[in-house]
Every structure is written in C-alpha cells, then in structure tokens.
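Report on the structure given below.
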Amino acid sequence: MTRRGRRLSLIAAALAVVGVAAGIALYALRDNIVFFYSPTEVVQKAVQPGARLRVGGLVKADSLIKLSGENVAFVVTDGANELTVAYQGLLPDLFREGQGVVAEGVLEAPGQMRAETILAKHDERYMPREVVEALKKQGRWQEGEGVAKP
Amino acid sequence: MIVEIGHFALVLAICAAVAQAIVPLWGARVGDNELMEVGRSAALTQFALVAIAFAALVNAHLTSDFSVLNVAENSHSAMPAVYKIAGVWGNHEGSMLLWVLILAVFGAIVALFGRPLPRTLRADALAVQGLISVAFLAFILLTSNPFERLSPAPFEGRDLNPILQDPGLAIHPPLLYLGYVGFSIVYSFAAAALIEGRIDAAWARFVRPFALVAWCFLTLGIAAGSFWAYYTLGWGGFWFWDPVENASLMPWLAGTAFVHSVAVMEKRDALKVWTIFLAIVAFSFSLLGTFLVRSGVLTSVHAFANDPRRGVFILAILALFICGSFALFASRAPMLKQGGLFAPISREGALIVNNLLLTTSCATVLFGTLYPLALEQLTGEKITVGAPFFNLTCGALLLTACFVAPFGFSLAWKRGDLLGVAQRLTVAIVAGAVTAVLGAAWLRGGPILAPIAAGLAIFVIVGSLTEVVMRLWRPGVRPGVAVKRAIGLPLSFFGAAIAHIGVGMTLLGLAGVGFGAETIATLHKGVAERVGPYAITLDSVGERVGPNYKEAATSMTVRSGDAVVAQIAPARRQFAARQMTTTQAGLATLDFGQVYVSIADPTPDGDVPARLYWKPLVTLIWLGGAAMALGGALSLADRRLRLGVAARAKASGGSLAQPAQ
C-alpha cells in the first residue's frame, strides 16, 4: 500500500471510530444525564413526577423518621421550599440533621422523591458545592460559614 | 528551626530549578558542553533541596509541631506514627510538595543515568523538566506554603480526616503521583525532541523505560485507590466515575496508548508524530488531573475546602504547558520524518486500532468529566454525568479494545495473516463464547453486559496464554527445546503476555459484579442471614477503644452450608477530635470473591443493621492491576531496554536514526 493510501485508510478508520464514539456518547447523554435542583427549583421548574433528579439542601432538623426494614424518610430544605425524601438503606456516616446532603433518585409526586443514593461529604468542614449554591440563592448562606479557613 | 530550613531549602530549590530550566537549554543551542552539564548538577541540587524540604515537613508531622499550621490542621499527637507520616500528603500543601519531590526525583534520575543519551537531548529534556519544577515550586511557595507558622500554637492538632487514617493513604497517593509525575519525563523528552527537530527509534528506546515505570506506578496507584475506596466507603463500590478518578484514568488511558505506540516506533520506526503527540497528551492529562483535584472546581469525594486563587494558578500552569507544547508540536511535527511502511493487517495496524480505541475512550471520559462544568458555565444548569454514560461510551470502546488485544498480540509485524491468527486463537474464541453463553444462562434475564465481559475476559486470558505456548511449543517439540526457546524470547514478550492476562483478570473481576448478591438486613444475635451462597451470623457486639477513636465492634461468622469458612469483624469508629464516624467493613476473601459486611450503629438492644454483599471474583479487579504492573516491570527488565544497549546500538550504526531535513 502506498504511503498516501495508508494515510487515507488511517484517517478513515480514525473518523469511523470517533464517529461511532460520538454517536454512542450523544445517545448516552440523552438518557443518562441527571439534573441538579434545589427544592425551590423543583417547584419553580415544575419538574414532572417520574423524572430522575438530584436534590441538594439541608436535612431539616427533627425530620428524620426511621420506618421499618431499613426504610427512612427525611425532609430536605433550602429555607424556602421542602421536599420529602424516602430512602431504603443505611445512611452515610456523615448524614446529620441540619447538615448538607445530596439525594439522587426519582420524583414520585410533587414534593416527594424516592432516593437511590444519598451523598454526604467526607469532611465535616466541607459542604457540597451544589448545596452551597442552592442555599446562596435563597440567601441562607453566609460566606465563610462551614468552610475551612485558608 | 528545622521548619525554617525546610522553607529556605524550598526557596533555594526554585533557584536551582530556574538555572536548570535556562542554562542547559542555552548550552544546547550554542553547543557548549559545560553549560549543558549545568543542567545535571542543577537537577541533582534541586532534588537534594526539595528532599530536605520534604524531610523537614515529615519531621514536623512526626514530632507533632503544632506551631506549623499544616501540622495543626491535619495531625494529632495521638495518631500512630505511620499516619503521622502519611498525613504529610493527606492535605493539599503536603501533597503538592510530594508532587514536586517526585518531579525532582525523575529529573535526578535523568541527570544520573542519562549518560548514554545524546548531550543536547539530555540538556533540553532536563531544561523542560526544570521549567515544570519552577512552575510547581512557585505554586507551592506563593499559594500553598506547607511551612506556614501558626501563632499562638494550639495545644492539640485538629486530627487527620478519619477517612484518611488508613494504610491506603500511605500507599495510594505516592504510587499515583509516581505515575502522574513520571509522565513528566516522557513529556520533557518529547518537548526536547521537538526542540531538536529530530526523533528516531533510539529516542523511543530511551523513553520507553520511563514511560513503563510511570505506567506501572499509575496502574498500581489506581488499583490501590480503587481497593481503598472499596473497603473504606462502606458499600463496596470500587469505581465511581468520580471526576477525580476520571482524572487518573485519563492519563492511564493515554499512557497505555503511549507504551503501545512507542513499541511500534522502537521496532518499526513508524508512528513517530503520533507517539510524540501521545507523550504530550499523557502528561497534559496528569496536569489536568492535578488541576481538577487541587482547584475544587468539581464536586467530588476528593475535594478539599479550597482557596480559589490556587485554581487560577494551576490553570495558568496548565495553559502554559499544554498550549506551549502543542504550539511546539504544531511548528515542529511536520519536520519529523515518517518511517517504516506496513500493511493494515499487521501488528502495527492492530496497535493503531488499540491506540484509536484508547484515545477515543479517553476523549469520552474527558467529555463526560468536563461537560457538566462547561454546561454550568454556559447555561447555569447543573447536571451530573454518571456511571451509565461512562459505562456505555468508555465501556464499549474498552471492551472493543480487549477484543482486539489477543489478535494484535498474535499478529506479525509489517504484514500479518488474520486468518492464521484467528485459527491460532480458536481455543480462546471457543472458551470465551462458552463462558459468555454459560454466564448468560446462569443469570437468565439479568444484565447482559456481565456475561459478555466475562467471555471477553476469558478470551483475552486464554488468547494470551495460547500465544505464549505457540511460541514455545508445537506438538512434537521436545520440552528441552521449549525451555531453550523460552530463555531466548525477550522478557518484554512475557511482560506483554502477563499485562494482557492482567487486563483479562480485571475484566473478569468487573464481570463478577453482575453475578453478586446484596442484602440489607438487621442482624440479631445468633440468627443467620443469607447472602449469595453464604450465611452470616452475628456473634457479639462490643465497645473497644483505639489510640484516637472508640469503636462499636462486632464479630460475625460466615458459613457455607454448615461449615464455618471465615470470621469477620465489621465495626464503626467514632473519632472524637473531628466528631466523625467511619465504617470499617468486615471482609472475608473466599476463592477470588469476597463477603463484604458494613454495619450501622447497633441499636440499644444489641441488634445491628447491616449491608451484606457477596462479590464473586472481585479481588481479580486489583490482582489484574498488579499483574499489569508486573508485566510492565518485566518489560522494563528486558536487557534491550537498558540505556547502555540503546547507546551502543546507535554508536554501531545499527540504528534506524534519521536526521532531520
């Protein structure tokens, strides 16, 4: 094969692989992206029941209820709006009332979601960035609060 | 006082690095040997000074000198010594110092053992390495000084984050950094080759050992990190497609592509421009990884509370080195002459397919990692691109690469016979297909990906073994002859075989996930709970006190039928200094699988809520990583790769060196 022919076949092969990869990526993006909302945005954007979403905010004080069979429910709040989260499983080590949390799952009904994953952060000084911003929007966040001193 | 010496040494180190970045480069341009030699002494001096600084910080941590801010924030006098030392890099400042130390180590290695290299190439490479050091030393001194004093000194430190108080911290970051930063030397050599405007097979022979070292460490580092996350986070996940994990996966993918393409360049003098490109890309991803981890732009389990100025500084370093090298690449790459011709069906052709798949999968990971960031900047929408996206895109490409691997390994250089290779691989193909069908039958309607992955894994493992056997033995060959042939074959052949088997092992371990079982239950004393083929019984619950924590410890028995197969002791630790709780999973390795139990706080009447898992073949995921690294190390030991041999081959005129136009 000539040098030119080889180069052309190389480029064609590269384009084919990249094209297929881009196709798969676009397909995957359509189904597998999860939007992040604060409880207020869930209300404002009228998120439909059945949608996958991540919700971040603070666990409302005294809202954690332990039900039977490792089922729990708690309320996530950003100060203005609230959302009840139901979850089956063990809560992460750093899960506390009054602390930041991110829940990922499916909205079952307005104001109610079933979570499959609950994230709380490793470090008690660190608040999930998404939660900080959600709280900032509601004017419930003071700069420097809960963040490590440099 | 020692702390100030450390700080001062760091300032001197940046001076040495500036000299290392400028003098040899100038010397190479004017052809002055003595100026070029300055690069060597500057690199060694810089290494010594950074080592002093690092030792000073280790000393401060070991002696719990809480007048140092870094120690006060991240250490505690009651911690065991090993965690005091590991705590040095368990925080932002210290980990950056480790980064620079390793950078200096690699510079020093080139300075010490780079004698057989052409003088100008070595001088240029050391200069580029020096420039990287300057940038990162400036970063440490200006934004992340680990030697900052605290006055008044507190009586006790704030303790190291309990999650980090684990042998994993002593192992994972240094290994990972050796890998990350090891690619800096490959990058420096690529830049040097571009500055010189010439590159040949001898260059590939010089650089390949460094690339293999970096790749081995990166492989081990990722495997260690994955295993650490697996046993420490309490739910047995070993890979999260977390942005920071992606940040380590991207240089690994690019580096894997590089160690393959550099082999083509060394043996066949082809793919030169592409290899140089990959060398730049691999280290660029290391820099990008450092940026993602250290700037706090991404929400991640690895994120530290951070100072935004640092992000801007690293972004500037990133822009300088990536843009600079690509500008150099664009201006010089056309000057590099292309070498050896080959047919599309050949080992070279297969390696190109491997490179295409690896770099494309790397691109999908990059896209998935950065897309949420870009979208948030542009539209304000916050999204997560999670595991399903990566599994589908990157997974599909990497599975295809696994499928190609045994073919490439069996094809001849220059012109191969695909049909012949397919015949050689018949046993492997049949074994893989049977595995996949049996797996699918076993799962019946379960995830289809798991049996496919298992089949591919068996294909890769059996295919690699077949090739080894075929090279040594055919029916009728006496065993003595086979042994002689084995001794005659280069070590790098066995290295490649073992690395490919390692890939197969990891894939088999990943496939095993689909065959596992999981239960969430409240355990009562003496009542067995089933998970997979095993039954787990809670025997006792008690309190225990450790050096800086107290824990609720349990003891459980794992039974298979009536036979006791293991005892496990999952626990929950309460760390007073940070008011934090961690989960210590109970693990029992049975064959290659593991029973994994993590518990929540015991109830007052002594019951224990727990997650129970049976994870078949899971240990193969990390054993495969170890096998890959072992394969890399074997290739490294190949005598043809020693620097002296490369130089002699070049001196004897037997090399394929081609001067620039």
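We name chains A, B, ... following the order of the structure tokens; residues begin at 1 in each chain, and ligands are numbered from 1 as shown.
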Q. Near region 52-58 of chain A, within 10 Å and counting only C-alpha atoms, which residues show up once chain neighbours fewer than 3 positions away are dropped, as a ChimeraX atom specification?
A. /A:31-42,47-49,61,75-79,81-83,85,96-108,113-115,117-119,127-135 /B:382-384
Q. Got a sec to tell me which of region 487-521 of chain B DSSP assigns to strand (DSSP E), as a PyMOL selection string?
A. chain B and resi 517-521
**Q.** Check: which chain B residues lie within 8 Å of chain A using only C-alpha atoms, as a PyMOL selection string
**A.** chain B and resi 161+163+299+301+304-307+341-344+356-357+360-361+364+381-386+388-389+392-393+397+520-522+578+580-583+600+609-611
Q. Got a sec: who's within 8 Å of region 152-160 of chain B, counting only C-alpha atoms, leaving out chain neighbours fewer than 6 positions off, as a VMD selection string?
A. chain B and resid 64 66 to 68 71 to 77 79 87 90 577 to 578
Q: Considering only C-alpha atoms, state which residue in the set B:Ala387, B:Ala441, B:Val312, B:Leu418 is at the smallest distance from Trp239 (chain B).
A: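 For Trp239 (chain B), the nearest of the candidates is B:Ala387.
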Q: Report the distance between CA of Gly509 (chain B) and CA of Tyr613 (chain B) in Å, rounded to one decimal place.
A: 15.0 Å
(Q) Set the distance at 6 Å and use only C-alpha atoms: which residues neighbour Leu103 (chain B) once local chain neighbours fewer than 3 positions away are removed? I'd like the list as an MDAnalysis selection string. (A) chainID B and resid 100 106 181
Q) Smallest atom-to-atom distance to Gly514 (chain B): which of B:Arg208, B:Arg424, B:Lys615, B:Arg471, using only C-alpha atoms? A)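 Among the listed residues, the smallest separation from Gly514 (chain B) belongs to B:Lys615.
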Q. Out of region 425-510 of chain B, which residues get alpha helix (DSSP H) from DSSP, as an MDAnalysis selection string?
A. chainID B and resid 426:443 449:472 479:488 491:510
Requested write-out: C-alpha atoms of the selected residues, as a PDB file, in the first residue's frame:
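Below you can see selection-v1.pdb, which holds the result:
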```pdb
ATOM      1  CA  THR B 426      -9.670 -20.880  18.031  1.00  0.00           C
ATOM      2  CA  VAL B 427      -9.342 -22.322  21.533  1.00  0.00           C
ATOM      3  CA  ALA B 428      -9.565 -18.854  23.067  1.00  0.00           C
ATOM      4  CA  ILE B 429     -12.571 -17.862  20.955  1.00  0.00           C
ATOM      5  CA  VAL B 430     -14.423 -21.061  21.870  1.00  0.00           C
ATOM      6  CA  ALA B 431     -13.542 -20.695  25.563  1.00  0.00           C
ATOM      7  CA  GLY B 432     -14.758 -17.101  25.570  1.00  0.00           C
ATOM      8  CA  ALA B 433     -18.003 -17.899  23.751  1.00  0.00           C
ATOM      9  CA  VAL B 434     -18.761 -20.828  26.068  1.00  0.00           C
ATOM     10  CA  THR B 435     -18.136 -18.619  29.117  1.00  0.00           C
ATOM     11  CA  ALA B 436     -20.442 -15.929  27.774  1.00  0.00           C
ATOM     12  CA  VAL B 437     -23.240 -18.401  26.999  1.00  0.00           C
ATOM     13  CA  LEU B 438     -22.934 -20.173  30.366  1.00  0.00           C
ATOM     14  CA  GLY B 439     -22.856 -16.810  32.129  1.00  0.00           C
ATOM     15  CA  ALA B 440     -25.964 -15.621  30.313  1.00  0.00           C
ATOM     16  CA  ALA B 441     -27.743 -18.886  31.120  1.00  0.00           C
ATOM     17  CA  TRP B 442     -26.767 -18.565  34.797  1.00  0.00           C
ATOM     18  CA  LEU B 443     -28.086 -15.016  35.055  1.00  0.00           C
ATOM     19  CA  LEU B 449     -23.098  -6.965  29.854  1.00  0.00           C
ATOM     20  CA  ALA B 450     -21.694  -9.164  32.628  1.00  0.00           C
ATOM     21  CA  PRO B 451     -21.617 -12.442  30.641  1.00  0.00           C
ATOM     22  CA  ILE B 452     -20.225 -10.631  27.577  1.00  0.00           C
ATOM     23  CA  ALA B 453     -17.453  -9.106  29.685  1.00  0.00           C
ATOM     24  CA  ALA B 454     -16.734 -12.485  31.288  1.00  0.00           C
ATOM     25  CA  GLY B 455     -16.497 -14.104  27.864  1.00  0.00           C
ATOM     26  CA  LEU B 456     -14.166 -11.406  26.595  1.00  0.00           C
ATOM     27  CA  ALA B 457     -12.031 -11.726  29.713  1.00  0.00           C
ATOM     28  CA  ILE B 458     -11.603 -15.468  29.183  1.00  0.00           C
ATOM     29  CA  PHE B 459     -10.842 -14.811  25.501  1.00  0.00           C
ATOM     30  CA  VAL B 460      -8.093 -12.347  26.426  1.00  0.00           C
ATOM     31  CA  ILE B 461      -6.563 -14.612  29.087  1.00  0.00           C
ATOM     32  CA  VAL B 462      -6.670 -17.821  27.021  1.00  0.00           C
ATOM     33  CA  GLY B 463      -5.599 -15.926  23.880  1.00  0.00           C
ATOM     34  CA  SER B 464      -2.502 -14.532  25.598  1.00  0.00           C
ATOM     35  CA  LEU B 465      -1.609 -17.936  27.051  1.00  0.00           C
ATOM     36  CA  THR B 466      -2.099 -19.557  23.643  1.00  0.00           C
ATOM     37  CA  GLU B 467       0.360 -17.162  22.066  1.00  0.00           C
ATOM     38  CA  VAL B 468       2.972 -17.918  24.724  1.00  0.00           C
ATOM     39  CA  VAL B 469       2.523 -21.664  24.279  1.00  0.00           C
ATOM     40  CA  MET B 470       2.587 -21.412  20.464  1.00  0.00           C
ATOM     41  CA  ARG B 471       5.867 -19.552  20.532  1.00  0.00           C
ATOM     42  CA  LEU B 472       7.468 -22.198  22.710  1.00  0.00           C
ATOM     43  CA  PRO B 479      10.408 -29.938  26.383  1.00  0.00           C
ATOM     44  CA  GLY B 480      14.106 -29.061  26.457  1.00  0.00           C
ATOM     45  CA  VAL B 481      13.764 -27.165  23.213  1.00  0.00           C
ATOM     46  CA  ALA B 482      10.723 -25.321  24.543  1.00  0.00           C
ATOM     47  CA  VAL B 483      12.695 -24.211  27.618  1.00  0.00           C
ATOM     48  CA  LYS B 484      15.557 -23.045  25.407  1.00  0.00           C
ATOM     49  CA  ARG B 485      13.112 -21.080  23.293  1.00  0.00           C
ATOM     50  CA  ALA B 486      11.592 -19.544  26.419  1.00  0.00           C
ATOM     51  CA  ILE B 487      15.039 -18.342  27.508  1.00  0.00           C
ATOM     52  CA  GLY B 488      15.665 -16.999  24.029  1.00  0.00           C
ATOM     53  CA  LEU B 491      11.390 -10.597  28.571  1.00  0.00           C
ATOM     54  CA  SER B 492       9.202  -7.896  27.091  1.00  0.00           C
ATOM     55  CA  PHE B 493       7.278 -10.623  25.253  1.00  0.00           C
ATOM     56  CA  PHE B 494       6.396 -12.278  28.557  1.00  0.00           C
ATOM     57  CA  GLY B 495       5.761  -8.838  30.036  1.00  0.00           C
ATOM     58  CA  ALA B 496       3.196  -8.075  27.352  1.00  0.00           C
ATOM     59  CA  ALA B 497       1.573 -11.501  27.811  1.00  0.00           C
ATOM     60  CA  ILE B 498       1.264 -11.031  31.579  1.00  0.00           C
ATOM     61  CA  ALA B 499      -0.042  -7.474  31.193  1.00  0.00           C
ATOM     62  CA  HIS B 500      -2.706  -8.696  28.773  1.00  0.00           C
ATOM     63  CA  ILE B 501      -3.637 -11.509  31.156  1.00  0.00           C
ATOM     64  CA  GLY B 502      -3.904  -8.805  33.834  1.00  0.00           C
ATOM     65  CA  VAL B 503      -6.363  -6.903  31.661  1.00  0.00           C
ATOM     66  CA  GLY B 504      -8.366 -10.107  31.314  1.00  0.00           C
ATOM     67  CA  MET B 505      -8.297 -10.671  35.094  1.00  0.00           C
ATOM     68  CA  THR B 506      -9.535  -7.147  35.813  1.00  0.00           C
ATOM     69  CA  LEU B 507     -12.275  -7.545  33.231  1.00  0.00           C
ATOM     70  CA  LEU B 508     -13.279 -10.878  34.771  1.00  0.00           C
ATOM     71  CA  GLY B 509     -13.444  -9.222  38.184  1.00  0.00           C
ATOM     72  CA  LEU B 510     -15.630  -6.447  36.786  1.00  0.00           C
TER      73      LEU B 510
END
```
Q: Might you pull out every residue within 6 Å of Leu538 (chain B), with only C-alpha atoms counted and same-chain residues fewer than 6 positions away left off, and present them as a list in words?
A: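 Returned residues: Lys525, Gly526 and Met556 of chain B.
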Export, as an mmCIF file, in the first residue's frame, the selected residues with C-alpha atoms.
```cif
data_model
loop_
_atom_site.group_PDB
_atom_site.id
_atom_site.type_symbol
_atom_site.label_atom_id
_atom_site.label_comp_id
_atom_site.auth_asym_id
_atom_site.auth_seq_id
_atom_site.Cartn_x
_atom_site.Cartn_y
_atom_site.Cartn_z
ATOM 1 C CA LYS B 525 -27.546 -12.325 67.635
ATOM 2 C CA GLY B 526 -27.389 -15.952 66.547
ATOM 3 C CA MET B 556 -19.644 -12.409 62.806
#
```
Spatial neighbours of region 45-58 of chain B, max dist 8 Å, only C-alpha atoms, sep filter under 4 positions, as an mmCIF file with N, CA and C atoms, in the first residue's frame:
```
data_model
loop_
_atom_site.group_PDB
_atom_site.id
_atom_site.type_symbol
_atom_site.label_atom_id
_atom_site.label_comp_id
_atom_site.auth_asym_id
_atom_site.auth_seq_id
_atom_site.Cartn_x
_atom_site.Cartn_y
_atom_site.Cartn_z
ATOM 1 N N ILE B 2 14.036 23.743 62.189
ATOM 2 C CA ILE B 2 14.063 22.786 61.065
ATOM 3 C C ILE B 2 13.017 23.173 60.026
ATOM 4 N N VAL B 3 11.874 23.649 60.521
ATOM 5 C CA VAL B 3 10.813 24.066 59.614
ATOM 6 C C VAL B 3 11.292 25.209 58.720
ATOM 7 N N ILE B 5 14.378 25.840 57.930
ATOM 8 C CA ILE B 5 15.364 25.277 56.984
ATOM 9 C C ILE B 5 14.625 24.677 55.790
ATOM 10 N N GLY B 6 13.555 23.972 56.076
ATOM 11 C CA GLY B 6 12.769 23.373 55.006
ATOM 12 C C GLY B 6 12.243 24.426 54.052
ATOM 13 N N HIS B 7 11.685 25.487 54.623
ATOM 14 C CA HIS B 7 11.139 26.564 53.800
ATOM 15 C C HIS B 7 12.236 27.199 52.944
ATOM 16 N N PHE B 8 13.401 27.432 53.588
ATOM 17 C CA PHE B 8 14.519 28.048 52.891
ATOM 18 C C PHE B 8 15.021 27.141 51.769
ATOM 19 N N ALA B 9 15.081 25.841 52.060
ATOM 20 C CA ALA B 9 15.527 24.880 51.047
ATOM 21 C C ALA B 9 14.608 24.930 49.830
ATOM 22 N N LEU B 10 13.327 25.127 50.100
ATOM 23 C CA LEU B 10 12.363 25.172 49.008
ATOM 24 C C LEU B 10 12.609 26.407 48.131
ATOM 25 N N LEU B 12 15.526 27.897 47.805
ATOM 26 C CA LEU B 12 16.755 27.614 47.053
ATOM 27 C C LEU B 12 16.476 26.663 45.896
ATOM 28 N N ALA B 13 15.540 25.708 46.146
ATOM 29 C CA ALA B 13 15.226 24.722 45.103
ATOM 30 C C ALA B 13 14.685 25.415 43.865
ATOM 31 N N ILE B 14 13.875 26.455 44.074
ATOM 32 C CA ILE B 14 13.310 27.123 42.901
ATOM 33 C C ILE B 14 14.419 27.855 42.146
ATOM 34 N N ALA B 16 17.553 26.782 41.940
ATOM 35 C CA ALA B 16 18.226 25.718 41.184
ATOM 36 C C ALA B 16 17.398 25.327 39.961
ATOM 37 N N ALA B 17 16.065 25.291 40.155
ATOM 38 C CA ALA B 17 15.196 24.895 39.045
ATOM 39 C C ALA B 17 15.247 25.929 37.920
ATOM 40 N N SER B 41 23.934 19.103 37.219
ATOM 41 C CA SER B 41 24.168 19.461 38.618
ATOM 42 C C SER B 41 22.976 20.231 39.192
ATOM 43 N N LEU B 62 5.986 14.292 62.330
ATOM 44 C CA LEU B 62 6.348 13.210 63.246
ATOM 45 C C LEU B 62 6.447 13.705 64.678
ATOM 46 N N ILE B 85 3.124 10.210 59.303
ATOM 47 C CA ILE B 85 3.921 10.382 58.079
ATOM 48 C C ILE B 85 2.998 10.480 56.861
ATOM 49 N N VAL B 88 1.370 13.685 55.965
ATOM 50 C CA VAL B 88 2.116 14.739 55.279
ATOM 51 C C VAL B 88 1.486 15.012 53.917
ATOM 52 N N GLY B 94 0.960 19.521 51.581
ATOM 53 C CA GLY B 94 1.910 18.417 51.633
ATOM 54 C C GLY B 94 1.889 17.574 50.372
ATOM 55 N N LEU B 97 3.851 19.174 47.758
ATOM 56 C CA LEU B 97 5.285 19.028 48.000
ATOM 57 C C LEU B 97 5.752 17.640 47.547
ATOM 58 N N LEU B 98 4.935 16.632 47.812
ATOM 59 C CA LEU B 98 5.267 15.282 47.340
ATOM 60 C C LEU B 98 5.338 15.258 45.809
ATOM 61 N N VAL B 100 6.139 17.692 43.797
ATOM 62 C CA VAL B 100 7.378 18.318 43.335
ATOM 63 C C VAL B 100 8.583 17.442 43.652
ATOM 64 N N LEU B 101 8.514 16.748 44.801
ATOM 65 C CA LEU B 101 9.630 15.860 45.155
ATOM 66 C C LEU B 101 9.800 14.786 44.081
ATOM 67 N N ALA B 104 11.295 16.107 40.999
ATOM 68 C CA ALA B 104 12.747 16.271 41.146
ATOM 69 C C ALA B 104 13.451 14.921 41.097
ATOM 70 N N VAL B 105 12.817 13.874 41.646
ATOM 71 C CA VAL B 105 13.412 12.530 41.600
ATOM 72 C C VAL B 105 13.633 12.111 40.149
ATOM 73 N N GLY B 107 13.870 14.022 37.528
ATOM 74 C CA GLY B 107 14.929 14.856 36.944
ATOM 75 C C GLY B 107 16.302 14.324 37.330
ATOM 76 N N ALA B 108 16.427 13.954 38.623
ATOM 77 C CA ALA B 108 17.719 13.468 39.110
ATOM 78 C C ALA B 108 18.084 12.142 38.432
ATOM 79 N N PRO B 146 3.539 24.923 52.849
ATOM 80 C CA PRO B 146 3.284 23.962 53.933
ATOM 81 C C PRO B 146 3.992 24.340 55.229
ATOM 82 N N PHE B 147 4.897 25.322 55.165
ATOM 83 C CA PHE B 147 5.700 25.643 56.351
ATOM 84 C C PHE B 147 5.171 26.854 57.117
#
```
